[in-house]
Every structure is written in C-alpha cells, then in structure tokens.
Amino acid sequence: MSVEINFFSPIEGNFEFQLEPIFGASFTKYPKNLIEDIKNRLKPFKEKNSTMVVCGMGGSSLGAKTIDSFAKAFNKPEHQLVFLDNLDPTMVKHSLETIDWKNTLFCFVSKSGTTLETIVLLNLILKELKKRKLPIEEKVIFIGDRGKNFETLANKLGCQFFEIPSNVDGRFSVLTSTGLVPAHFIDFDIEELWEGAKEALKDKSKNNVALQLAQFKIQHLFKGRNISVMFSYGNYIFTFAFWYSQLWAESLGKEGKGQTPLKALGTVDQHSLVQLFREGPDDKIYQFITVKNIKWDLQLPEETLVLDYIAGKKISQIFKALYEGTKNALLKTHRPLVEIVLDRYSAFNLGYLFMLYMLATVAAAQILKVNPFGQPGVELGKKLAKEKLKKLK
Ligand code: PA5
C-alpha cells in the first residue's frame, strides 16, 4: 500500500452507513472514454502552446491546482499551468501583462457557465486575443456542463469543449475533465491518477478507511471539536489542503452543522499555530499529512555552524524530525490525530487521496444528515453583488 493511514485514538461509536450512495456516487465512475478523448483532442494544443492558463473558481480550479503543485515535487514537465482564480484587479492586470500570448492556451472552466469571476476573465482575455489577432479556436478551450453556456459558447466560437458530467458537483469533479484536462497538459499521468482513485474504492464495505476517517472526524465533532486541521508537511502537498477545505466546508456546512477546516503548513506553522494547538482550546482534530520519500534532497556539510547535531544530515531527516516532534507533542497533549503518510509524490497517491476524501465527505454528510451536494448558502452573496452591479452606471 502506498498510502498509510494511522489513527492515534480509537474510532468510537458505530454509525450505520448506507453504502450505495457513497460507493455508487457519480464521482466514482471511471471515465475511460474521456481519458482517451482528452489525449487525442489536447494533442494539437500541446504542440502549439507551452502554457495553459486555467480560469475557474472553487471546484473548477482547486483540483487542477493541487495536481499542478503535486507534479512539481517529482516532475519537470515541458508545459506549465498558470491559474487565474481570483478577480484581484492588480493580480489580473499583472498576469495579463506577463502572458506569452503566442504560446499560451486558455482553459475556461465552469460547470454552470455563469460564474461572475470566470466570465469577467473570459471577456477580458477574448478582448486581448482579438486585439492580438490570435485565432480564438486555437487559443481557447472550454470545460463545463453539457447543454449549458460553455458548450453553447464553444460551438459559437468554434472552440473545443470538454464535458463535466452534470451529476458531478464542482468540488467533486477533479477526476473528470476539470482536473484531467489541465493534468494531461503538463503530462501528469491521468490513468495512474485514476488507478489510485480505484484503489480507494476497492473495499466497498463499512471498513473502508474513508468511512473510518469520516467516523473519526465526526465523532470528535460531536464532542465539540468543530475545527478540522489539515497539517500538511510539505509545500507541494499543501495545495491539497485548499482543495480539502472547500470539499469539507461547502459539502458539510449546512443547517447549522459542519466542521471548520483549517490549513496549516509544516514546518512554517510550528512557529505560528502550534502554540494554540497544544495549549489552546481542545476544539480541533488534526490530520497530519506527509510524504515519506522525496525525490530532491540536500545534505548539510560535515561541519556546521551553531548547531553541531545537524552536521552531515539531509534536510529530509531534519524535516522529518520536526514533523515527528510536533505530531508527538500533540499526542502527548491527547489531541485526536490521524496521520496520512504517502510513500512518495505520485499520480497514484494523489488519485487515492482525492477519492479517499470525497468518499469520507459523503460518508460524513450521512452521519450529519445533510446533503453534501449543492451550496445554497453562497447564492445570496452572488445575488446581492449582481444587484449592486446592475445599479452601477
Ligand atoms: O463545488 C462547487 O460546485 C462550487 O464551489 C463551484 O465549483 C464554484 O462555485 C464554481 O462554479 P462553476 O464551476 O459553475 O463556475
């Protein structure tokens, strides 16, 4: 097994799960034809462009961002991804000014095809492409729901369109076109990604570790631990915590229920959050996530300044000691903790992690009796913004 999961306190209670809605969920379906289709249709774009700018919000970009970050820990691809996933005017302006337009492909991702930020970016970028007389159909692709705005637009502009199955919600869509198209652009092995996902689906019983994870986290929520920390040891795995945060927060935060995700980066946050974690309120559960074997390492000289006990050591050994130190310090304080250790950065392991957490989220929703799909709570803010914009001259 390439991913090891250790629970450091017992899993109590015995929640009854309905297994079919978990293991039969829409995001568990292997998209064999889509994988072939992506490879074929992306080929000419890969030949002509070295960069893909991914424009999408929330579930339409966080998965691809996680893949991109993970890939950087074990691969040096010829192609690169850039993400435009905010409307900060300064950031957008700076990004558009630095783009190598001739060698860049723009990938617009939106299930609904109506998300304000994405549509703003689309309009700005189309304007720039026209100004530069670059052919839209060679420079732009769309990912979205069949029959919605983005398919219509793709047809109108003569652009390629990749489908997200309509029954897969944005934050559960990383293993569909949303994640697979950008992943394939940077030569991330999308078949291996799915092999890992399938591994997480092998045991379709209540003993599946995803269901245990859900049970573990929610049992502590019922004891007042309403914050769920994802302590990522490694910069290239930290982006996974952003993807996880959206999944856990948007899927479960309903009807007065939910567990607040909190992202922490090791070792950075040892110097920022660990004081609170050890001596603050006992209102959190901790997920420590790390990678055992890393590809690129450095060694210290045989004689070192200030600290002699680090002489000749590898950075990975020091990083690991700090990881173990923090983990064990929290355990000594009796904080509930689950540890997830990947044997290495790989497409397989990331696919496993994605599926593990999507299954755990749906299982947690069952325990909490909330619908994990949809996000009705975000609509009001969008509506108010729209009203304000309509009134603006
Ligand atoms: O999980 C979700 O469904 C949402 O967070 C969406 O991903 C996000 O709002 C973007 O929506 P869309 O893909 O329709 O642009």
# chains A, B, ... in the order shown; residues from 1 in each chain; ligands from 1
call {"tool": "residues_near_ligand", "arguments": {"ligand": "ligand 1", "cutoff": "6 Å", "atoms": "only C-alpha atoms and all ligand atoms", "output": "PyMOL selection string"}}
result
chain A and resi 57-60+110-113+115+169-171
call {"tool": "residues_around", "arguments": {"residues": "Gly266 of chain A", "least_positions_apart": "6", "cutoff": "7 Å", "atoms": "only C-alpha atoms", "output": "NGL selection string"}}
result
:A and (231-234)
call {"tool": "write_last_selection", "arguments": {"atoms": "all heavy atoms", "output": "JSON list (two decimals), in the first residue's frame"}}
result
[["chain", "number", "residue", "atom", "x", "y", "z"],
["A", 231, "PHE", "N", -2.82, 19.54, 8.60],
["A", 231, "PHE", "CA", -1.44, 19.98, 8.79],
["A", 231, "PHE", "C", -0.58, 19.30, 7.73],
["A", 231, "PHE", "O", -0.25, 18.12, 7.84],
["A", 231, "PHE", "CB", -0.97, 19.61, 10.20],
["A", 231, "PHE", "CG", 0.03, 20.58, 10.78],
["A", 231, "PHE", "CD1", 0.06, 20.81, 12.16],
["A", 231, "PHE", "CD2", 0.93, 21.26, 9.99],
["A", 231, "PHE", "CE1", 0.97, 21.70, 12.72],
["A", 231, "PHE", "CE2", 1.84, 22.15, 10.53],
["A", 231, "PHE", "CZ", 1.86, 22.38, 11.90],
["A", 232, "SER", "N", -0.27, 20.03, 6.67],
["A", 232, "SER", "CA", 0.47, 19.45, 5.54],
["A", 232, "SER", "C", 1.96, 19.68, 5.73],
["A", 232, "SER", "O", 2.39, 20.83, 5.81],
["A", 232, "SER", "CB", 0.08, 20.12, 4.23],
["A", 232, "SER", "OG", -1.30, 20.27, 4.15],
["A", 233, "TYR", "N", 2.69, 18.61, 5.77],
["A", 233, "TYR", "CA", 4.15, 18.76, 5.85],
["A", 233, "TYR", "C", 4.74, 18.67, 4.45],
["A", 233, "TYR", "O", 5.01, 17.59, 3.94],
["A", 233, "TYR", "CB", 4.75, 17.72, 6.82],
["A", 233, "TYR", "CG", 4.81, 18.32, 8.22],
["A", 233, "TYR", "CD1", 3.65, 18.47, 8.97],
["A", 233, "TYR", "CD2", 6.01, 18.80, 8.74],
["A", 233, "TYR", "CE1", 3.69, 19.07, 10.21],
["A", 233, "TYR", "CE2", 6.05, 19.40, 9.99],
["A", 233, "TYR", "CZ", 4.89, 19.53, 10.71],
["A", 233, "TYR", "OH", 4.92, 20.14, 11.94],
["A", 234, "GLY", "N", 4.89, 19.82, 3.85],
["A", 234, "GLY", "CA", 5.44, 19.88, 2.50],
["A", 234, "GLY", "C", 4.71, 20.94, 1.69],
["A", 234, "GLY", "O", 3.47, 20.94, 1.67]]
call {"tool": "atom_distance", "arguments": {"atom1": "atom CA of Ala210 of chain A", "atom2": "atom CA of Ala360 of chain A"}}
result
4.6 Å
call {"tool": "closest_residue", "arguments": {"among": "A:Leu175, A:Lys369, A:Lys76, A:Val181", "to": "Ala197 of chain A", "atoms": "only C-alpha atoms"}}
result
A:Leu175
call {"tool": "residues_around", "arguments": {"residues": "Val168 of chain A", "least_positions_apart": "3", "cutoff": "10 Å", "atoms": "only C-alpha atoms", "output": "PyMOL selection string"}}
result
chain A and resi 25-28+111+145+164-165+171-176+373
call {"tool": "write_last_selection", "arguments": {"atoms": "C-alpha atoms", "output": "mmCIF file, in the first residue's frame"}}
result
data_model
loop_
_atom_site.group_PDB
_atom_site.id
_atom_site.type_symbol
_atom_site.label_atom_id
_atom_site.label_comp_id
_atom_site.auth_asym_id
_atom_site.auth_seq_id
_atom_site.Cartn_x
_atom_site.Cartn_y
_atom_site.Cartn_z
ATOM 1 C CA ALA A 25 -21.687 8.299 -6.095
ATOM 2 C CA SER A 26 -21.359 9.930 -9.519
ATOM 3 C CA PHE A 27 -17.697 10.898 -8.973
ATOM 4 C CA THR A 28 -16.685 7.225 -8.533
ATOM 5 C CA LYS A 111 -19.930 23.894 -14.685
ATOM 6 C CA ASP A 145 -21.787 21.081 -18.258
ATOM 7 C CA ILE A 164 -18.119 17.658 -16.766
ATOM 8 C CA PRO A 165 -20.881 15.093 -16.090
ATOM 9 C CA ARG A 171 -15.809 20.254 -5.819
ATOM 10 C CA PHE A 172 -16.259 16.531 -6.593
ATOM 11 C CA SER A 173 -15.178 16.955 -10.229
ATOM 12 C CA VAL A 174 -11.381 16.773 -10.011
ATOM 13 C CA LEU A 175 -11.298 13.304 -11.592
ATOM 14 C CA THR A 176 -13.353 14.473 -14.580
ATOM 15 C CA PHE A 373 -24.061 18.351 -2.860
#
call {"tool": "select_by_dssp", "arguments": {"residues": "segment 117-356 of chain A", "states": "strand (DSSP E or B)", "output": "PyMOL selection string"}}
result
chain A and resi 140-145+160-164+227-233+260-266+284-293+299+314+337-344
call {"tool": "residues_around", "arguments": {"residues": "Gly224 of chain A", "least_positions_apart": "6", "cutoff": "12 Å", "atoms": "only C-alpha atoms", "output": "list in words"}}
result
Lys217, Ile218, Lys257, Gly258, Gln259, Thr260, Pro281, Asp282, Asp283, Lys284 and Ile285 of chain A
call {"tool": "write_last_selection", "arguments": {"atoms": "N, CA and C atoms", "output": "compact mmCIF listing (two decimals), in the first residue's frame"}}
result
# COMPACT_ATOMS: atom_id res chain seq x y z
N LYS A 217 -13.65 11.72 12.41
CA LYS A 217 -13.75 13.18 12.44
C LYS A 217 -15.08 13.64 13.04
N ILE A 218 -16.14 12.97 12.67
CA ILE A 218 -17.46 13.41 13.13
C ILE A 218 -17.69 13.03 14.60
N LYS A 257 -24.88 22.89 10.85
CA LYS A 257 -23.90 21.82 11.12
C LYS A 257 -22.60 22.09 10.33
N GLY A 258 -21.61 21.25 10.56
CA GLY A 258 -20.36 21.38 9.81
C GLY A 258 -19.15 21.42 10.73
N GLN A 259 -17.99 21.33 10.13
CA GLN A 259 -16.72 21.33 10.87
C GLN A 259 -15.77 22.23 10.08
N THR A 260 -15.24 23.24 10.74
CA THR A 260 -14.45 24.26 10.04
C THR A 260 -13.06 23.75 9.68
N PRO A 281 -7.77 25.90 23.19
CA PRO A 281 -8.92 25.03 23.45
C PRO A 281 -8.83 23.68 22.71
N ASP A 282 -9.37 22.66 23.36
CA ASP A 282 -9.37 21.31 22.76
C ASP A 282 -10.58 21.19 21.85
N ASP A 283 -10.60 22.00 20.79
CA ASP A 283 -11.77 22.03 19.91
C ASP A 283 -11.41 21.64 18.47
N LYS A 284 -10.29 20.88 18.34
CA LYS A 284 -9.82 20.55 16.98
C LYS A 284 -9.46 19.08 16.85
N ILE A 285 -9.60 18.58 15.63
CA ILE A 285 -8.99 17.29 15.32
C ILE A 285 -7.89 17.58 14.30
call {"tool": "closest_residue", "arguments": {"among": "A:Lys254, A:Ala347, A:Phe108, A:Leu116", "to": "Glu151 of chain A", "atoms": "only C-alpha atoms"}}
result
A:Phe108
call {"tool": "select_by_dssp", "arguments": {"residues": "segment 311-382 of chain A", "states": "alpha helix (DSSP H)", "output": "MDAnalysis selection string"}}
result
chainID A and resid 315:332 347:368 379:382
call {"tool": "write_last_selection", "arguments": {"atoms": "N, CA and C atoms", "output": "CSV table (one decimal), in the first residue's frame"}}
result
chain,number,residue,atom,x,y,z
A,315,ILE,N,18.4,17.4,4.6
A,315,ILE,CA,17.3,18.2,5.0
A,315,ILE,C,16.0,17.4,5.3
A,316,SER,N,15.8,16.3,4.5
A,316,SER,CA,14.7,15.5,4.7
A,316,SER,C,14.6,14.9,6.1
A,317,GLN,N,15.8,14.5,6.7
A,317,GLN,CA,15.9,14.0,8.0
A,317,GLN,C,15.5,15.0,9.1
A,318,ILE,N,15.9,16.2,8.8
A,318,ILE,CA,15.6,17.3,9.8
A,318,ILE,C,14.1,17.6,9.7
A,319,PHE,N,13.6,17.7,8.5
A,319,PHE,CA,12.2,18.0,8.3
A,319,PHE,C,11.3,16.9,9.0
A,320,LYS,N,11.8,15.6,8.8
A,320,LYS,CA,11.0,14.5,9.4
A,320,LYS,C,11.0,14.6,10.9
A,321,ALA,N,12.2,14.9,11.5
A,321,ALA,CA,12.3,15.0,12.9
A,321,ALA,C,11.4,16.1,13.5
A,322,LEU,N,11.3,17.2,12.7
A,322,LEU,CA,10.4,18.3,13.2
A,322,LEU,C,8.9,17.8,13.1
A,323,TYR,N,8.6,17.1,12.0
A,323,TYR,CA,7.3,16.5,11.8
A,323,TYR,C,6.9,15.6,13.0
A,324,GLU,N,7.8,14.7,13.3
A,324,GLU,CA,7.6,13.7,14.4
A,324,GLU,C,7.5,14.4,15.7
A,325,GLY,N,8.4,15.4,15.9
A,325,GLY,CA,8.3,16.2,17.2
A,325,GLY,C,7.0,16.8,17.4
A,326,THR,N,6.5,17.5,16.4
A,326,THR,CA,5.2,18.2,16.5
A,326,THR,C,4.0,17.2,16.7
A,327,LYS,N,4.1,16.2,15.9
A,327,LYS,CA,3.0,15.2,16.0
A,327,LYS,C,3.0,14.6,17.4
A,328,ASN,N,4.2,14.2,17.9
A,328,ASN,CA,4.2,13.5,19.2
A,328,ASN,C,3.9,14.5,20.3
A,329,ALA,N,4.3,15.7,20.1
A,329,ALA,CA,3.9,16.7,21.2
A,329,ALA,C,2.4,16.9,21.3
A,330,LEU,N,1.7,16.8,20.1
A,330,LEU,CA,0.2,16.9,20.2
A,330,LEU,C,-0.4,15.7,20.8
A,331,LEU,N,0.2,14.5,20.5
A,331,LEU,CA,-0.3,13.3,21.0
A,331,LEU,C,-0.1,13.3,22.5
A,332,LYS,N,1.0,13.8,23.0
A,332,LYS,CA,1.3,13.8,24.5
A,332,LYS,C,0.2,14.7,25.2
A,347,ALA,N,1.2,10.3,-9.1
A,347,ALA,CA,-0.2,10.4,-9.6
A,347,ALA,C,-1.1,9.4,-8.8
A,348,PHE,N,-0.6,8.2,-8.6
A,348,PHE,CA,-1.4,7.2,-8.0
A,348,PHE,C,-1.8,7.7,-6.6
A,349,ASN,N,-0.8,8.1,-5.8
A,349,ASN,CA,-1.1,8.5,-4.4
A,349,ASN,C,-2.1,9.7,-4.4
A,350,LEU,N,-2.0,10.6,-5.3
A,350,LEU,CA,-2.9,11.8,-5.3
A,350,LEU,C,-4.3,11.3,-5.7
A,351,GLY,N,-4.4,10.4,-6.6
A,351,GLY,CA,-5.7,9.9,-7.0
A,351,GLY,C,-6.4,9.2,-5.8
A,352,TYR,N,-5.5,8.5,-5.1
A,352,TYR,CA,-6.1,7.8,-3.9
A,352,TYR,C,-6.6,8.8,-2.9
A,353,LEU,N,-5.8,9.9,-2.6
A,353,LEU,CA,-6.2,10.9,-1.7
A,353,LEU,C,-7.5,11.6,-2.1
A,354,PHE,N,-7.6,12.0,-3.4
A,354,PHE,CA,-8.8,12.6,-3.8
A,354,PHE,C,-10.0,11.8,-3.5
A,355,MET,N,-9.9,10.5,-3.9
A,355,MET,CA,-11.1,9.6,-3.8
A,355,MET,C,-11.4,9.4,-2.3
A,356,LEU,N,-10.3,9.2,-1.5
A,356,LEU,CA,-10.5,8.9,-0.1
A,356,LEU,C,-11.3,10.1,0.6
A,357,TYR,N,-10.9,11.3,0.3
A,357,TYR,CA,-11.6,12.4,0.9
A,357,TYR,C,-13.0,12.7,0.3
A,358,MET,N,-13.2,12.4,-1.0
A,358,MET,CA,-14.6,12.6,-1.5
A,358,MET,C,-15.5,11.6,-0.8
A,359,LEU,N,-15.0,10.3,-0.7
A,359,LEU,CA,-15.8,9.3,-0.1
A,359,LEU,C,-16.1,9.7,1.4
A,360,ALA,N,-15.0,10.1,2.1
A,360,ALA,CA,-15.2,10.5,3.5
A,360,ALA,C,-16.2,11.6,3.7
A,361,THR,N,-16.2,12.5,2.7
A,361,THR,CA,-17.1,13.7,2.8
A,361,THR,C,-18.6,13.2,2.7
A,362,VAL,N,-18.8,12.4,1.7
A,362,VAL,CA,-20.2,11.9,1.5
A,362,VAL,C,-20.6,11.1,2.8
A,363,ALA,N,-19.7,10.3,3.3
A,363,ALA,CA,-20.0,9.5,4.5
A,363,ALA,C,-20.2,10.4,5.7
A,364,ALA,N,-19.5,11.4,5.8
A,364,ALA,CA,-19.6,12.4,6.9
A,364,ALA,C,-21.0,13.1,6.8
A,365,ALA,N,-21.4,13.4,5.6
A,365,ALA,CA,-22.7,14.0,5.4
A,365,ALA,C,-23.8,13.1,5.8
A,366,GLN,N,-23.6,11.8,5.6
A,366,GLN,CA,-24.7,10.8,6.0
A,366,GLN,C,-24.8,10.9,7.5
A,367,ILE,N,-23.7,10.9,8.2
A,367,ILE,CA,-23.7,10.9,9.7
A,367,ILE,C,-24.4,12.2,10.2
A,368,LEU,N,-24.1,13.3,9.5
A,368,LEU,CA,-24.6,14.6,9.9
A,368,LEU,C,-26.1,14.8,9.4
A,379,GLU,N,-25.4,31.5,-2.5
A,379,GLU,CA,-26.2,32.2,-3.6
A,379,GLU,C,-26.5,33.7,-3.2
A,380,LEU,N,-26.8,33.9,-1.9
A,380,LEU,CA,-27.3,35.3,-1.6
A,380,LEU,C,-26.2,36.3,-1.9
A,381,GLY,N,-25.0,36.0,-1.5
A,381,GLY,CA,-23.9,37.0,-1.8
A,381,GLY,C,-23.7,37.3,-3.2
A,382,LYS,N,-23.9,36.2,-4.1
A,382,LYS,CA,-23.8,36.4,-5.5
A,382,LYS,C,-24.9,37.3,-6.0
call {"tool": "residues_around", "arguments": {"residues": "Asn207 of chain A", "least_positions_apart": "5", "cutoff": "12 Å", "atoms": "only C-alpha atoms", "output": "ChimeraX atom specification"}}
result
/A:11,14-17,19,200-202,212-215,360
call {"tool": "atom_distance", "arguments": {"atom1": "atom CA of Gln219 of chain A", "atom2": "atom CA of Gly63 of chain A"}}
result
27.5 Å
call {"tool": "closest_residue", "arguments": {"among": "A:Glu117, A:Gly24, A:Ala73, A:Asn123", "to": "Ala385 of chain A", "atoms": "only C-alpha atoms"}}
result
A:Glu117
call {"tool": "residues_around", "arguments": {"residues": "Phe150 of chain A", "least_positions_apart": "3", "cutoff": "12 Å", "atoms": "only C-alpha atoms", "output": "PDB file with N, CA and C atoms, in the first residue's frame"}}
result
ATOM      1  N   CYS A 107      -7.868  27.958 -20.785  1.00  0.00           N
ATOM      2  CA  CYS A 107      -8.866  26.922 -20.491  1.00  0.00           C
ATOM      3  C   CYS A 107      -9.871  27.503 -19.499  1.00  0.00           C
ATOM      4  N   PHE A 108     -11.096  27.725 -19.958  1.00  0.00           N
ATOM      5  CA  PHE A 108     -12.130  28.294 -19.085  1.00  0.00           C
ATOM      6  C   PHE A 108     -12.974  27.154 -18.524  1.00  0.00           C
ATOM      7  N   VAL A 109     -13.049  27.115 -17.202  1.00  0.00           N
ATOM      8  CA  VAL A 109     -13.751  26.008 -16.547  1.00  0.00           C
ATOM      9  C   VAL A 109     -14.899  26.554 -15.708  1.00  0.00           C
ATOM     10  N   SER A 110     -16.093  26.130 -16.033  1.00  0.00           N
ATOM     11  CA  SER A 110     -17.249  26.495 -15.204  1.00  0.00           C
ATOM     12  C   SER A 110     -18.380  25.532 -15.515  1.00  0.00           C
ATOM     13  N   LYS A 111     -18.825  24.834 -14.490  1.00  0.00           N
ATOM     14  CA  LYS A 111     -19.930  23.894 -14.685  1.00  0.00           C
ATOM     15  C   LYS A 111     -21.179  24.645 -15.123  1.00  0.00           C
ATOM     16  N   SER A 112     -21.469  25.701 -14.397  1.00  0.00           N
ATOM     17  CA  SER A 112     -22.691  26.459 -14.688  1.00  0.00           C
ATOM     18  C   SER A 112     -22.514  27.318 -15.938  1.00  0.00           C
ATOM     19  N   GLY A 113     -21.288  27.755 -16.168  1.00  0.00           N
ATOM     20  CA  GLY A 113     -21.039  28.676 -17.280  1.00  0.00           C
ATOM     21  C   GLY A 113     -21.513  30.082 -16.977  1.00  0.00           C
ATOM     22  N   THR A 114     -21.779  30.367 -15.727  1.00  0.00           N
ATOM     23  CA  THR A 114     -22.288  31.705 -15.376  1.00  0.00           C
ATOM     24  C   THR A 114     -21.505  32.364 -14.238  1.00  0.00           C
ATOM     25  N   THR A 115     -20.476  31.721 -13.718  1.00  0.00           N
ATOM     26  CA  THR A 115     -19.769  32.286 -12.555  1.00  0.00           C
ATOM     27  C   THR A 115     -19.126  33.622 -12.925  1.00  0.00           C
ATOM     28  N   THR A 118     -15.279  34.070 -13.541  1.00  0.00           N
ATOM     29  CA  THR A 118     -14.799  33.360 -14.736  1.00  0.00           C
ATOM     30  C   THR A 118     -15.250  34.084 -16.007  1.00  0.00           C
ATOM     31  N   ILE A 119     -16.466  34.591 -15.977  1.00  0.00           N
ATOM     32  CA  ILE A 119     -16.992  35.277 -17.166  1.00  0.00           C
ATOM     33  C   ILE A 119     -16.268  36.611 -17.379  1.00  0.00           C
ATOM     34  N   LEU A 122     -13.031  35.668 -18.956  1.00  0.00           N
ATOM     35  CA  LEU A 122     -13.263  35.254 -20.346  1.00  0.00           C
ATOM     36  C   LEU A 122     -13.360  36.476 -21.257  1.00  0.00           C
ATOM     37  N   VAL A 140      -8.362  28.970 -27.185  1.00  0.00           N
ATOM     38  CA  VAL A 140      -9.319  28.852 -26.073  1.00  0.00           C
ATOM     39  C   VAL A 140     -10.007  27.495 -26.104  1.00  0.00           C
ATOM     40  N   ILE A 141     -10.107  26.869 -24.932  1.00  0.00           N
ATOM     41  CA  ILE A 141     -10.954  25.673 -24.803  1.00  0.00           C
ATOM     42  C   ILE A 141     -11.892  25.885 -23.605  1.00  0.00           C
ATOM     43  N   PHE A 142     -12.987  25.149 -23.598  1.00  0.00           N
ATOM     44  CA  PHE A 142     -13.978  25.298 -22.532  1.00  0.00           C
ATOM     45  C   PHE A 142     -14.225  23.958 -21.844  1.00  0.00           C
ATOM     46  N   ILE A 143     -14.455  24.032 -20.541  1.00  0.00           N
ATOM     47  CA  ILE A 143     -14.871  22.844 -19.778  1.00  0.00           C
ATOM     48  C   ILE A 143     -16.136  23.231 -19.016  1.00  0.00           C
ATOM     49  N   GLY A 144     -17.163  22.415 -19.127  1.00  0.00           N
ATOM     50  CA  GLY A 144     -18.409  22.755 -18.426  1.00  0.00           C
ATOM     51  C   GLY A 144     -19.455  21.665 -18.574  1.00  0.00           C
ATOM     52  N   ASP A 145     -20.656  22.006 -18.157  1.00  0.00           N
ATOM     53  CA  ASP A 145     -21.787  21.081 -18.258  1.00  0.00           C
ATOM     54  C   ASP A 145     -22.314  21.063 -19.679  1.00  0.00           C
ATOM     55  N   ARG A 146     -22.699  19.866 -20.129  1.00  0.00           N
ATOM     56  CA  ARG A 146     -23.285  19.771 -21.465  1.00  0.00           C
ATOM     57  C   ARG A 146     -24.630  20.533 -21.480  1.00  0.00           C
ATOM     58  N   GLY A 147     -24.854  21.259 -22.537  1.00  0.00           N
ATOM     59  CA  GLY A 147     -26.141  21.968 -22.667  1.00  0.00           C
ATOM     60  C   GLY A 147     -26.160  23.324 -21.986  1.00  0.00           C
ATOM     61  N   LEU A 153     -21.194  28.437 -26.020  1.00  0.00           N
ATOM     62  CA  LEU A 153     -20.137  29.376 -26.409  1.00  0.00           C
ATOM     63  C   LEU A 153     -19.060  28.706 -27.252  1.00  0.00           C
ATOM     64  N   ALA A 154     -18.659  27.504 -26.820  1.00  0.00           N
ATOM     65  CA  ALA A 154     -17.630  26.763 -27.550  1.00  0.00           C
ATOM     66  C   ALA A 154     -18.083  26.545 -28.997  1.00  0.00           C
ATOM     67  N   ASN A 155     -19.336  26.132 -29.151  1.00  0.00           N
ATOM     68  CA  ASN A 155     -19.860  25.908 -30.502  1.00  0.00           C
ATOM     69  C   ASN A 155     -19.852  27.196 -31.319  1.00  0.00           C
ATOM     70  N   LYS A 156     -20.271  28.268 -30.663  1.00  0.00           N
ATOM     71  CA  LYS A 156     -20.357  29.566 -31.365  1.00  0.00           C
ATOM     72  C   LYS A 156     -18.975  30.044 -31.815  1.00  0.00           C
ATOM     73  N   LEU A 157     -17.982  29.836 -30.955  1.00  0.00           N
ATOM     74  CA  LEU A 157     -16.635  30.346 -31.255  1.00  0.00           C
ATOM     75  C   LEU A 157     -15.762  29.327 -32.001  1.00  0.00           C
ATOM     76  N   GLY A 158     -16.313  28.126 -32.222  1.00  0.00           N
ATOM     77  CA  GLY A 158     -15.554  27.071 -32.910  1.00  0.00           C
ATOM     78  C   GLY A 158     -14.458  26.477 -32.034  1.00  0.00           C
ATOM     79  N   CYS A 159     -14.670  26.504 -30.718  1.00  0.00           N
ATOM     80  CA  CYS A 159     -13.647  26.013 -29.773  1.00  0.00           C
ATOM     81  C   CYS A 159     -13.964  24.592 -29.299  1.00  0.00           C
ATOM     82  N   GLN A 160     -12.938  23.915 -28.803  1.00  0.00           N
ATOM     83  CA  GLN A 160     -13.134  22.579 -28.219  1.00  0.00           C
ATOM     84  C   GLN A 160     -13.854  22.704 -26.881  1.00  0.00           C
ATOM     85  N   PHE A 161     -14.732  21.728 -26.627  1.00  0.00           N
ATOM     86  CA  PHE A 161     -15.481  21.706 -25.365  1.00  0.00           C
ATOM     87  C   PHE A 161     -15.289  20.348 -24.704  1.00  0.00           C
ATOM     88  N   PHE A 162     -14.961  20.350 -23.409  1.00  0.00           N
ATOM     89  CA  PHE A 162     -14.837  19.111 -22.633  1.00  0.00           C
ATOM     90  C   PHE A 162     -15.910  19.113 -21.551  1.00  0.00           C
ATOM     91  N   GLU A 163     -16.546  17.966 -21.414  1.00  0.00           N
ATOM     92  CA  GLU A 163     -17.727  17.887 -20.546  1.00  0.00           C
ATOM     93  C   GLU A 163     -17.397  17.503 -19.098  1.00  0.00           C
ATOM     94  N   ILE A 164     -18.105  18.134 -18.162  1.00  0.00           N
ATOM     95  CA  ILE A 164     -18.119  17.658 -16.766  1.00  0.00           C
ATOM     96  C   ILE A 164     -19.493  16.987 -16.616  1.00  0.00           C
TER      97      ILE A 164
END
call {"tool": "closest_residue", "arguments": {"among": "A:Phe277, A:Glu250, A:Val306, A:Ile294", "to": "Val370 of chain A", "atoms": "only C-alpha atoms"}}
result
A:Glu250
